[in-house]
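Next up, coords_1.cif (mmCIF, C-alpha atoms):
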```
data_entry
#
loop_
_atom_site.group_PDB
_atom_site.id
_atom_site.type_symbol
_atom_site.label_atom_id
_atom_site.label_comp_id
_atom_site.auth_asym_id
_atom_site.auth_seq_id
_atom_site.Cartn_x
_atom_site.Cartn_y
_atom_site.Cartn_z
ATOM 1 C CA MET Q 1246 114.524 73.000 84.375
ATOM 2 C CA GLY Q 1247 113.925 75.194 81.351
ATOM 3 C CA ASN Q 1248 113.823 74.147 77.761
ATOM 4 C CA ALA Q 1249 117.390 73.797 76.517
ATOM 5 C CA ASN Q 1250 116.236 74.921 73.076
ATOM 6 C CA SER Q 1251 114.677 78.169 74.281
ATOM 7 C CA ASN Q 1252 116.102 81.582 73.420
ATOM 8 C CA ASN Q 1253 117.464 81.865 76.967
ATOM 9 C CA HIS Q 1254 119.661 78.828 76.328
ATOM 10 C CA ASP Q 1255 121.097 79.604 72.892
ATOM 11 C CA HIS Q 1256 124.331 77.633 73.109
ATOM 12 C CA SER Q 1257 125.582 78.914 69.778
ATOM 13 C CA THR Q 1258 125.801 82.478 71.085
ATOM 14 C CA LYS Q 1259 126.035 82.087 74.871
ATOM 15 C CA GLY Q 1260 128.013 78.863 75.183
ATOM 16 C CA MET Q 1261 127.299 76.019 77.564
ATOM 17 C CA TRP Q 1262 128.863 74.032 80.418
ATOM 18 C CA GLN Q 1263 129.524 70.354 79.980
ATOM 19 C CA PRO Q 1264 131.513 67.741 81.928
ATOM 20 C CA ILE Q 1265 134.963 66.684 80.735
ATOM 21 C CA LYS Q 1266 135.534 62.948 80.464
ATOM 22 C CA TYR Q 1267 139.093 63.270 81.777
ATOM 23 C CA ARG Q 1268 140.262 63.915 85.312
ATOM 24 C CA PHE Q 1269 143.543 64.648 87.023
ATOM 25 C CA LYS Q 1270 145.129 61.914 89.106
ATOM 26 C CA TYR Q 1271 146.669 64.357 91.576
ATOM 27 C CA LEU Q 1272 145.315 67.412 93.338
ATOM 28 C CA PRO Q 1273 145.673 70.289 90.809
ATOM 29 C CA VAL Q 1274 146.405 73.089 93.275
ATOM 30 C CA HIS Q 1275 147.925 75.240 90.530
ATOM 31 C CA ILE Q 1276 146.615 75.394 86.958
ATOM 32 C CA ALA Q 1277 147.952 77.411 84.022
ATOM 33 C CA LEU Q 1278 146.646 77.704 80.454
ATOM 34 C CA LEU Q 1279 149.666 77.409 78.156
ATOM 35 C CA HIS Q 1280 150.019 79.233 74.840
ATOM 36 C CA THR Q 1281 149.911 75.829 73.131
ATOM 37 C CA GLY Q 1282 146.294 75.386 74.233
ATOM 38 C CA LYS Q 1283 147.249 72.723 76.740
ATOM 39 C CA VAL Q 1284 146.695 73.098 80.478
ATOM 40 C CA LEU Q 1285 149.427 72.515 83.050
ATOM 41 C CA ALA Q 1286 148.320 71.305 86.492
ATOM 42 C CA TYR Q 1287 150.592 70.695 89.451
ATOM 43 C CA GLY Q 1288 150.311 70.489 93.194
ATOM 44 C CA GLY Q 1289 153.624 69.170 94.486
ATOM 45 C CA SER Q 1290 152.851 67.202 97.618
ATOM 46 C CA GLY Q 1291 149.146 67.906 97.166
ATOM 47 C CA ASN Q 1292 148.720 68.872 100.823
ATOM 48 C CA ASP Q 1293 150.006 65.449 101.877
ATOM 49 C CA GLU Q 1294 153.107 65.601 104.050
ATOM 50 C CA ARG Q 1295 154.174 62.119 102.963
ATOM 51 C CA TYR Q 1296 155.081 63.557 99.556
ATOM 52 C CA LEU Q 1297 157.012 66.591 100.760
ATOM 53 C CA LYS Q 1298 160.376 65.216 99.586
ATOM 54 C CA ASN Q 1299 158.979 63.324 96.612
ATOM 55 C CA PRO Q 1300 156.200 65.480 95.127
ATOM 56 C CA HIS Q 1301 153.671 64.217 92.627
ATOM 57 C CA PRO Q 1302 154.408 64.785 88.936
ATOM 58 C CA ALA Q 1303 152.698 67.592 87.083
ATOM 59 C CA GLU Q 1304 149.996 66.718 84.580
ATOM 60 C CA ILE Q 1305 148.948 68.053 81.203
ATOM 61 C CA PHE Q 1306 145.324 68.333 80.141
ATOM 62 C CA GLU Q 1307 144.940 68.426 76.382
ATOM 63 C CA PRO Q 1308 141.407 69.211 75.211
ATOM 64 C CA ASP Q 1309 139.806 67.253 72.406
ATOM 65 C CA VAL Q 1310 140.672 68.999 69.154
ATOM 66 C CA ASP Q 1311 138.864 68.607 65.850
ATOM 67 C CA THR Q 1312 141.160 69.326 62.925
ATOM 68 C CA ASP Q 1313 139.440 69.605 59.563
ATOM 69 C CA ILE Q 1314 141.763 68.578 56.710
ATOM 70 C CA GLY Q 1315 139.078 68.776 54.041
ATOM 71 C CA ASP Q 1316 137.123 65.571 54.392
ATOM 72 C CA GLY Q 1317 136.079 66.201 58.009
ATOM 73 C CA SER Q 1318 137.427 62.813 59.116
ATOM 74 C CA ASP Q 1319 140.506 63.836 61.084
ATOM 75 C CA HIS Q 1320 140.126 64.026 64.850
ATOM 76 C CA LYS Q 1321 142.724 64.458 67.552
ATOM 77 C CA GLU Q 1322 141.929 62.848 70.896
ATOM 78 C CA GLY Q 1323 142.683 64.849 74.036
ATOM 79 C CA GLY Q 1324 143.379 63.563 77.508
ATOM 80 C CA VAL Q 1325 145.314 63.969 80.763
ATOM 81 C CA TYR Q 1326 148.822 62.596 81.138
ATOM 82 C CA GLU Q 1327 151.736 62.911 83.538
ATOM 83 C CA ILE Q 1328 154.995 64.586 82.572
ATOM 84 C CA SER Q 1329 158.495 64.065 83.881
ATOM 85 C CA ASN Q 1330 159.290 65.378 87.340
ATOM 86 C CA ALA Q 1331 162.960 65.722 86.441
ATOM 87 C CA ASN Q 1332 164.560 68.864 87.915
ATOM 88 C CA ILE Q 1333 161.729 69.303 90.481
ATOM 89 C CA ASP Q 1334 163.627 68.598 93.671
ATOM 90 C CA ALA Q 1335 161.328 70.226 96.237
ATOM 91 C CA ASP Q 1336 157.641 70.809 97.004
ATOM 92 C CA ILE Q 1337 156.003 73.452 94.773
ATOM 93 C CA PHE Q 1338 152.748 73.154 96.701
ATOM 94 C CA CYS Q 1339 151.416 76.676 97.434
ATOM 95 C CA ALA Q 1340 154.002 78.414 95.251
ATOM 96 C CA GLY Q 1341 153.545 81.555 93.184
ATOM 97 C CA HIS Q 1342 153.633 81.580 89.392
ATOM 98 C CA THR Q 1343 153.389 83.852 86.377
ATOM 99 C CA PHE Q 1344 154.096 83.644 82.660
ATOM 100 C CA LEU Q 1345 157.254 85.127 81.184
ATOM 101 C CA PRO Q 1346 157.101 87.201 77.961
ATOM 102 C CA ASP Q 1347 158.125 84.161 75.890
ATOM 103 C CA GLY Q 1348 155.244 82.049 77.214
ATOM 104 C CA ARG Q 1349 157.231 79.948 79.672
ATOM 105 C CA LEU Q 1350 155.882 79.670 83.214
ATOM 106 C CA LEU Q 1351 157.958 80.782 86.197
ATOM 107 C CA VAL Q 1352 157.142 79.049 89.500
ATOM 108 C CA ALA Q 1353 158.660 80.351 92.738
ATOM 109 C CA GLY Q 1354 158.355 79.344 96.370
ATOM 110 C CA GLY Q 1355 156.361 76.518 97.880
ATOM 111 C CA THR Q 1356 156.481 74.343 100.963
ATOM 112 C CA TYR Q 1357 159.760 73.726 102.777
ATOM 113 C CA LYS Q 1358 158.106 72.156 105.804
ATOM 114 C CA TYR Q 1359 154.565 71.417 106.919
ATOM 115 C CA ASP Q 1360 153.118 73.072 110.000
ATOM 116 C CA GLY Q 1361 153.785 71.720 113.456
ATOM 117 C CA SER Q 1362 151.455 71.410 116.442
ATOM 118 C CA PHE Q 1363 151.691 72.968 119.874
ATOM 119 C CA PHE Q 1364 148.685 72.051 122.032
ATOM 120 C CA GLY Q 1365 146.576 71.913 118.889
ATOM 121 C CA ILE Q 1366 147.895 75.242 117.570
ATOM 122 C CA PRO Q 1367 149.760 75.168 114.213
ATOM 123 C CA ILE Q 1368 153.109 76.397 115.566
ATOM 124 C CA PRO Q 1369 155.400 76.682 113.765
ATOM 125 C CA PRO Q 1370 153.220 77.202 110.682
ATOM 126 C CA PHE Q 1371 154.072 76.148 107.145
ATOM 127 C CA SER Q 1372 157.597 77.178 106.123
ATOM 128 C CA GLY Q 1373 158.427 78.759 102.786
ATOM 129 C CA LEU Q 1374 160.659 77.364 100.034
ATOM 130 C CA GLU Q 1375 163.280 79.452 98.219
ATOM 131 C CA HIS Q 1376 163.402 77.321 95.039
ATOM 132 C CA SER Q 1377 162.253 78.550 91.633
ATOM 133 C CA TYR Q 1378 161.641 76.752 88.350
ATOM 134 C CA ILE Q 1379 160.645 77.446 84.749
ATOM 135 C CA PHE Q 1380 158.283 75.254 82.741
ATOM 136 C CA ASP Q 1381 158.650 75.069 78.965
ATOM 137 C CA PRO Q 1382 155.207 74.611 77.311
ATOM 138 C CA VAL Q 1383 156.713 73.334 74.068
ATOM 139 C CA GLY Q 1384 159.168 70.768 75.386
ATOM 140 C CA LEU Q 1385 156.949 70.041 78.426
ATOM 141 C CA LYS Q 1386 160.005 70.143 80.672
ATOM 142 C CA TRP Q 1387 160.975 71.781 83.957
ATOM 143 C CA SER Q 1388 164.265 73.555 84.570
ATOM 144 C CA ARG Q 1389 165.676 74.669 87.892
ATOM 145 C CA ILE Q 1390 166.819 78.289 88.099
ATOM 146 C CA ALA Q 1391 168.541 80.286 90.827
ATOM 147 C CA ASN Q 1392 167.048 80.344 94.307
ATOM 148 C CA MET Q 1393 165.389 83.413 95.725
ATOM 149 C CA SER Q 1394 167.034 85.086 98.685
ATOM 150 C CA TYR Q 1395 164.154 84.007 100.931
ATOM 151 C CA GLY Q 1396 161.801 81.095 101.315
ATOM 152 C CA ARG Q 1397 158.187 81.976 100.493
ATOM 153 C CA TRP Q 1398 154.984 80.043 101.180
ATOM 154 C CA TYR Q 1399 151.905 81.617 99.508
ATOM 155 C CA PRO Q 1400 153.765 84.333 97.564
ATOM 156 C CA THR Q 1401 152.414 86.191 94.531
ATOM 157 C CA CYS Q 1402 154.388 86.686 91.312
ATOM 158 C CA ILE Q 1403 153.478 89.295 88.713
ATOM 159 C CA LEU Q 1404 154.958 90.014 85.288
ATOM 160 C CA LEU Q 1405 156.035 93.636 84.866
ATOM 161 C CA SER Q 1406 155.813 95.731 81.725
ATOM 162 C CA ASP Q 1407 159.589 95.420 81.140
ATOM 163 C CA GLY Q 1408 159.509 91.607 81.211
ATOM 164 C CA ARG Q 1409 160.846 91.173 84.721
ATOM 165 C CA VAL Q 1410 158.934 89.374 87.482
ATOM 166 C CA LEU Q 1411 158.155 90.853 90.894
ATOM 167 C CA ILE Q 1412 157.494 88.592 93.859
ATOM 168 C CA MET Q 1413 156.237 89.592 97.272
ATOM 169 C CA ALA Q 1414 154.834 88.160 100.504
ATOM 170 C CA GLY Q 1415 154.766 84.567 101.715
ATOM 171 C CA LEU Q 1416 155.616 82.916 105.007
ATOM 172 C CA THR Q 1417 159.328 82.709 105.786
ATOM 173 C CA LYS Q 1418 161.435 79.561 105.808
ATOM 174 C CA ARG Q 1419 162.631 79.881 109.377
ATOM 175 C CA PHE Q 1420 161.866 81.733 112.588
ATOM 176 C CA PRO Q 1421 159.825 83.868 113.112
ATOM 177 C CA TRP Q 1422 157.690 82.116 110.428
ATOM 178 C CA ALA Q 1423 155.866 85.347 109.669
ATOM 179 C CA PHE Q 1424 154.850 87.253 106.566
ATOM 180 C CA LEU Q 1425 157.896 88.221 104.568
ATOM 181 C CA ASN Q 1426 158.112 91.970 104.025
ATOM 182 C CA LYS Q 1427 160.941 91.898 101.475
ATOM 183 C CA LEU Q 1428 160.474 92.227 97.711
ATOM 184 C CA GLU Q 1429 162.541 90.485 95.037
ATOM 185 C CA ILE Q 1430 162.663 90.840 91.279
ATOM 186 C CA TYR Q 1431 163.661 88.319 88.609
ATOM 187 C CA SER Q 1432 165.262 89.011 85.256
ATOM 188 C CA LYS Q 1433 166.680 86.631 82.672
ATOM 189 C CA ASP Q 1434 170.149 88.169 82.871
ATOM 190 C CA LYS Q 1435 170.527 88.730 86.613
ATOM 191 C CA GLY Q 1436 168.278 86.131 88.202
ATOM 192 C CA TRP Q 1437 166.693 87.105 91.522
ATOM 193 C CA GLN Q 1438 167.662 90.373 93.198
ATOM 194 C CA ARG Q 1439 166.555 91.821 96.502
ATOM 195 C CA LEU Q 1440 164.887 95.232 96.149
ATOM 196 C CA ARG Q 1441 166.377 97.400 98.871
ATOM 197 C CA GLY Q 1442 164.308 100.040 100.623
ATOM 198 C CA THR Q 1443 160.978 98.557 99.498
ATOM 199 C CA ASP Q 1444 160.019 96.521 102.579
ATOM 200 C CA ARG Q 1445 156.288 96.380 103.216
ATOM 201 C CA TRP Q 1446 154.093 94.041 105.222
ATOM 202 C CA ILE Q 1447 151.760 92.267 102.816
ATOM 203 C CA PRO Q 1448 149.562 89.254 103.630
ATOM 204 C CA MET Q 1449 149.886 85.913 101.882
ATOM 205 C CA TYR Q 1450 148.896 85.535 98.217
ATOM 206 C CA PRO Q 1451 148.300 89.273 97.822
ATOM 207 C CA ARG Q 1452 146.030 90.254 94.941
ATOM 208 C CA LEU Q 1453 148.316 92.176 92.576
ATOM 209 C CA HIS Q 1454 147.458 93.976 89.326
ATOM 210 C CA LEU Q 1455 149.671 95.732 86.778
ATOM 211 C CA LEU Q 1456 148.329 99.214 86.009
ATOM 212 C CA PRO Q 1457 148.728 101.047 82.659
ATOM 213 C CA SER Q 1458 151.235 103.321 84.392
ATOM 214 C CA GLY Q 1459 153.524 100.334 84.978
ATOM 215 C CA GLU Q 1460 152.853 100.460 88.718
ATOM 216 C CA VAL Q 1461 151.746 97.389 90.658
ATOM 217 C CA PHE Q 1462 148.527 97.722 92.631
ATOM 218 C CA TYR Q 1463 148.016 95.691 95.793
ATOM 219 C CA ALA Q 1464 144.310 95.309 96.611
ATOM 220 C CA GLY Q 1465 143.948 95.076 100.433
ATOM 221 C CA SER Q 1466 143.230 94.597 103.183
ATOM 222 C CA TYR Q 1467 143.263 90.894 103.988
ATOM 223 C CA ASN Q 1468 143.615 88.308 101.260
ATOM 224 C CA THR Q 1469 144.037 85.127 103.243
ATOM 225 C CA HIS Q 1470 143.011 83.716 106.586
ATOM 226 C CA TYR Q 1471 146.435 84.023 108.238
ATOM 227 C CA THR Q 1472 145.957 87.171 110.277
ATOM 228 C CA PHE Q 1473 148.202 86.614 113.306
ATOM 229 C CA PRO Q 1474 150.048 88.623 114.581
ATOM 230 C CA PHE Q 1475 148.917 91.749 112.727
ATOM 231 C CA SER Q 1476 145.939 94.009 113.290
ATOM 232 C CA LEU Q 1477 143.229 94.485 110.685
ATOM 233 C CA ARG Q 1478 144.489 97.916 109.722
ATOM 234 C CA SER Q 1479 147.989 96.783 108.827
ATOM 235 C CA PHE Q 1480 147.378 96.131 105.134
ATOM 236 C CA PRO Q 1481 145.927 99.137 103.285
ATOM 237 C CA SER Q 1482 145.828 99.071 99.496
ATOM 238 C CA ALA Q 1483 148.854 100.617 97.836
ATOM 239 C CA THR Q 1484 150.690 101.023 94.546
ATOM 240 C CA TYR Q 1485 154.336 100.149 94.043
ATOM 241 C CA ASN Q 1486 156.361 102.127 91.495
ATOM 242 C CA VAL Q 1487 159.026 99.829 90.073
ATOM 243 C CA ARG Q 1488 160.986 102.714 88.532
ATOM 244 C CA ASN Q 1489 161.741 104.534 91.779
ATOM 245 C CA ASN Q 1490 161.033 101.719 94.274
ATOM 246 C CA LYS Q 1491 158.394 103.772 96.077
ATOM 247 C CA TRP Q 1492 155.138 102.693 97.699
ATOM 248 C CA THR Q 1493 152.085 104.973 97.726
ATOM 249 C CA THR Q 1494 149.403 104.085 100.245
ATOM 250 C CA ILE Q 1495 145.825 104.405 98.958
ATOM 251 C CA GLY Q 1496 143.778 103.241 101.910
ATOM 252 C CA LEU Q 1497 141.571 100.447 103.142
ATOM 253 C CA PRO Q 1498 138.560 98.989 101.366
ATOM 254 C CA GLY Q 1499 135.155 99.594 102.903
ATOM 255 C CA ASN Q 1500 135.031 96.036 104.211
ATOM 256 C CA ILE Q 1501 138.324 95.651 106.058
ATOM 257 C CA LYS Q 1502 137.429 92.193 107.406
ATOM 258 C CA ARG Q 1503 137.191 90.599 103.969
ATOM 259 C CA GLU Q 1504 139.370 87.506 103.537
ATOM 260 C CA GLU Q 1505 139.735 84.793 100.880
ATOM 261 C CA GLY Q 1506 137.874 86.879 98.304
ATOM 262 C CA THR Q 1507 139.082 87.614 94.815
ATOM 263 C CA SER Q 1508 139.904 90.675 92.743
ATOM 264 C CA VAL Q 1509 139.906 91.454 89.037
ATOM 265 C CA ILE Q 1510 141.061 94.352 86.910
ATOM 266 C CA LEU Q 1511 138.321 95.361 84.470
ATOM 267 C CA PRO Q 1512 138.978 95.826 80.725
ATOM 268 C CA LEU Q 1513 141.214 98.794 79.928
ATOM 269 C CA LEU Q 1514 139.139 100.751 77.440
ATOM 270 C CA PRO Q 1515 140.063 103.673 75.164
ATOM 271 C CA PRO Q 1516 140.494 106.554 75.096
ATOM 272 C CA ASP Q 1517 142.143 106.824 78.524
ATOM 273 C CA TYR Q 1518 142.484 103.122 79.498
ATOM 274 C CA THR Q 1519 141.577 103.868 83.098
ATOM 275 C CA ALA Q 1520 142.212 101.033 85.538
ATOM 276 C CA ARG Q 1521 139.331 99.818 87.693
ATOM 277 C CA VAL Q 1522 139.710 96.941 90.142
ATOM 278 C CA MET Q 1523 136.880 95.032 91.813
ATOM 279 C CA LEU Q 1524 137.058 93.175 95.129
ATOM 280 C CA ILE Q 1525 134.563 90.333 95.098
ATOM 281 C CA ALA Q 1526 133.077 88.178 97.873
ATOM 282 C CA GLY Q 1527 135.141 86.170 100.358
ATOM 283 C CA GLY Q 1528 134.398 85.703 104.020
ATOM 284 C CA LEU Q 1529 134.672 87.243 107.448
ATOM 285 C CA GLN Q 1530 137.030 86.296 110.240
ATOM 286 C CA PRO Q 1531 137.311 83.808 111.837
ATOM 287 C CA GLY Q 1532 136.343 82.025 108.640
ATOM 288 C CA THR Q 1533 132.824 80.820 109.337
ATOM 289 C CA GLU Q 1534 130.773 83.265 107.262
ATOM 290 C CA ALA Q 1535 130.820 83.766 103.492
ATOM 291 C CA ILE Q 1536 129.890 87.170 102.049
ATOM 292 C CA ASN Q 1537 128.521 88.487 98.742
ATOM 293 C CA HIS Q 1538 129.964 91.969 99.160
ATOM 294 C CA VAL Q 1539 131.502 93.749 96.134
ATOM 295 C CA GLU Q 1540 133.385 97.029 95.871
ATOM 296 C CA MET Q 1541 135.465 98.761 93.232
ATOM 297 C CA ILE Q 1542 138.292 101.255 93.066
ATOM 298 C CA ASP Q 1543 138.428 103.584 90.048
ATOM 299 C CA PHE Q 1544 141.801 105.158 89.302
ATOM 300 C CA SER Q 1545 140.153 108.066 87.473
ATOM 301 C CA ASP Q 1546 138.970 109.318 90.872
ATOM 302 C CA SER Q 1547 141.172 111.804 92.676
ATOM 303 C CA PRO Q 1548 142.207 110.354 95.006
ATOM 304 C CA PRO Q 1549 141.296 106.759 94.078
ATOM 305 C CA HIS Q 1550 139.041 105.164 96.671
ATOM 306 C CA TYR Q 1551 136.751 102.176 97.048
ATOM 307 C CA LYS Q 1552 133.033 102.396 96.289
ATOM 308 C CA PRO Q 1553 130.361 99.759 96.951
ATOM 309 C CA ARG Q 1554 128.865 97.943 93.985
ATOM 310 C CA ALA Q 1555 125.901 95.619 93.593
ATOM 311 C CA SER Q 1556 126.322 92.466 95.656
ATOM 312 C CA LEU Q 1557 126.500 88.967 94.242
ATOM 313 C CA SER Q 1558 123.341 86.860 94.301
ATOM 314 C CA HIS Q 1559 125.197 84.277 96.393
ATOM 315 C CA ALA Q 1560 127.867 84.564 99.067
ATOM 316 C CA ARG Q 1561 131.098 82.896 97.994
ATOM 317 C CA TYR Q 1562 134.072 81.937 100.143
ATOM 318 C CA TYR Q 1563 137.400 80.956 98.516
ATOM 319 C CA CYS Q 1564 136.155 82.260 95.172
ATOM 320 C CA TYR Q 1565 138.330 82.996 92.173
#
```
Would you mind writing the file out in structure tokens?
Amino acid sequence: MGNANSNNHDHSTKGMWQPIKYRFKYLPVHIALLHTGKVLAYGGSGNDERYLKNPHPAEIFEPDVDTDIGDGSDHKEGGVYEISNANIDADIFCAGHTFLPDGRLLVAGGTYKYDGSFFGIPIPPFSGLEHSYIFDPVGLKWSRIANMSYGRWYPTCILLSDGRVLIMAGLTKRFPWAFLNKLEIYSKDKGWQRLRGTDRWIPMYPRLHLLPSGEVFYAGSYNTHYTFPFSLRSFPSATYNVRNNKWTTIGLPGNIKREEGTSVILPLLPPDYTARVMLIAGGLQPGTEAINHVEMIDFSDSPPHYKPRASLSHARYYCY
């Protein structure tokens, strides 16, 4: 180990990692940093079928906070504590979520039923939930809102530039228990509405990014390990224009077998605020090999297309 006091370990300018003395009681499948500085963690049943109908309560992590009132003696102790599960009447394990413009968190979908077993094969697979909820960071309370038109397990929600929320993908609630190809949109005044004429096959937990144009970019091809019954070339990257409800196909990444990797939109810099999205790491089917592969799509290119970038030093599966 190097000298912690050396220039390469200047904590005052580069920061440092340190353990937190608190821990969550339940599996924090979903975590969201609230505008209050607190952290919301919830996992519903926590991948335990016994708690499908009676999910675990959400928890709040409150960091230690030093508040200087002049004499330097005031200190606020942080911690982890449970909050009321009132109004949560279903399993929000593997739901989608996004913040609303006012800082509240919208949570949609989850687990309606755990997977079955047919000669060792998970058939039928997990079934999606149609419930949706809003969490208030100030009052630390949940509220139930209108159901979606469809159950969704592993959906992705994204906040649009006009304050509405778009949701897509997820496994269906009932037969044929496949990827849902229907899009819905949520607004405060109208609740959930089905978007007609926008159907598109998208894998579970698609990586979505809002572009400066207001369009939503789906970074393909595979995002998760559920590939049956589609072929590898079924999920090319595309943009969705919310104004005219049109999809524009961009094409496949260079590594079309990537799964369980992550994606990130890079800082939008002046003067043109060009969007650039990186696909990072993941693994290869059938899920036994991690990769360190990285590629990027630059929307200043005409047409936009993926280009390889320097690989990570370490292969990383299920990275975020």
Taking the file as I've supplied it (selection: the PyMOL selection byres ((chain Q and resi 1290-1295) around 8)), which residues are included? Please answer as an MDAnalysis selection string. chainID Q and resid 1271:1274 1288:1289 1296:1301 1336:1338 1359
Considering all atoms listed in the file, return as a count of residues only whatever protein or nucleic-acid residues lie within 10 Å of Leu1278 of chain Q, sequence-local ones (same chain, fewer than 5 positions apart) excluded. 9
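Going from atom CA of Thr1443 of chain Q over to atom CA of Val1352 of chain Q, you cover 22.3 Å.
You can rank Q:Pro1370, Q:Met1413, Q:Leu1385, Q:Ala1340 by their closest distance to Tyr1326 of chain Q using all atoms listed in the file, and at the top of that list sits Q:Leu1385.
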Kindly resolve the PyMOL selection byres ((chain Q and resi 1480) around 12) on the present coordinates and return the residues as a compact mmCIF listing (two decimals) with C-alpha atoms, keeping the file's coordinate frame.
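Just written: expr_15.txt:
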```
# COMPACT_ATOMS: atom_id res chain seq x y z
CA ALA Q 1414 154.83 88.16 100.50
CA PHE Q 1424 154.85 87.25 106.57
CA ASN Q 1426 158.11 91.97 104.02
CA ARG Q 1445 156.29 96.38 103.22
CA TRP Q 1446 154.09 94.04 105.22
CA ILE Q 1447 151.76 92.27 102.82
CA PRO Q 1448 149.56 89.25 103.63
CA MET Q 1449 149.89 85.91 101.88
CA PRO Q 1451 148.30 89.27 97.82
CA ARG Q 1452 146.03 90.25 94.94
CA TYR Q 1463 148.02 95.69 95.79
CA ALA Q 1464 144.31 95.31 96.61
CA GLY Q 1465 143.95 95.08 100.43
CA SER Q 1466 143.23 94.60 103.18
CA TYR Q 1467 143.26 90.89 103.99
CA ASN Q 1468 143.62 88.31 101.26
CA THR Q 1469 144.04 85.13 103.24
CA THR Q 1472 145.96 87.17 110.28
CA PHE Q 1475 148.92 91.75 112.73
CA SER Q 1476 145.94 94.01 113.29
CA LEU Q 1477 143.23 94.48 110.68
CA ARG Q 1478 144.49 97.92 109.72
CA SER Q 1479 147.99 96.78 108.83
CA PRO Q 1481 145.93 99.14 103.28
CA SER Q 1482 145.83 99.07 99.50
CA ALA Q 1483 148.85 100.62 97.84
CA THR Q 1494 149.40 104.08 100.24
CA ILE Q 1495 145.82 104.40 98.96
CA GLY Q 1496 143.78 103.24 101.91
CA LEU Q 1497 141.57 100.45 103.14
CA PRO Q 1498 138.56 98.99 101.37
CA ILE Q 1501 138.32 95.65 106.06
CA LYS Q 1502 137.43 92.19 107.41
CA ARG Q 1503 137.19 90.60 103.97
CA GLU Q 1504 139.37 87.51 103.54
```
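Residue nearest Thr1417 of chain Q within the list Q:Ser1556, Q:Thr1401, Q:Ser1372, Q:Ser1388: Q:Ser1372 [criterion: smallest interatomic distance, all atoms listed in the file].
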re atom CA of Leu1279 of chain Q and atom CA of Pro1346 of chain Q: distance 12.3 Å
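Running the PyMOL selection byres ((chain Q and resi 1411) around 10) on this file leaves Thr1343, Thr1401, Cys1402, Ile1403, Leu1404, Leu1405, Gly1408, Arg1409, Val1410, Ile1412, Met1413, Leu1428, Glu1429, Ile1430, Tyr1431, Ser1432, Trp1437, Gln1438, Leu1440, Val1461 and Val1487 of chain Q selected.
Distance-wise, atom CA of Tyr1485 of chain Q and atom CA of Asp1434 of chain Q end up 22.8 Å apart.
For Tyr1518 of chain Q, the non-local neighbours within 12 Å, defined as residues at least 3 positions apart in the same chain or in other chains and counting only C-alpha atoms, are Q:Leu1456, Q:Pro1457, Q:Ser1458, Q:Ile1510, Q:Leu1511, Q:Pro1512, Q:Leu1513, Q:Leu1514, Q:Pro1515, Q:Arg1521, Q:Asp1543, Q:Phe1544, Q:Ser1545.
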Using only C-alpha atoms, the best pick from Q:Ser1394, Q:Ser1406, Q:Ser1547, Q:Ser1329 as closest to Leu1425 of chain Q would be Q:Ser1394
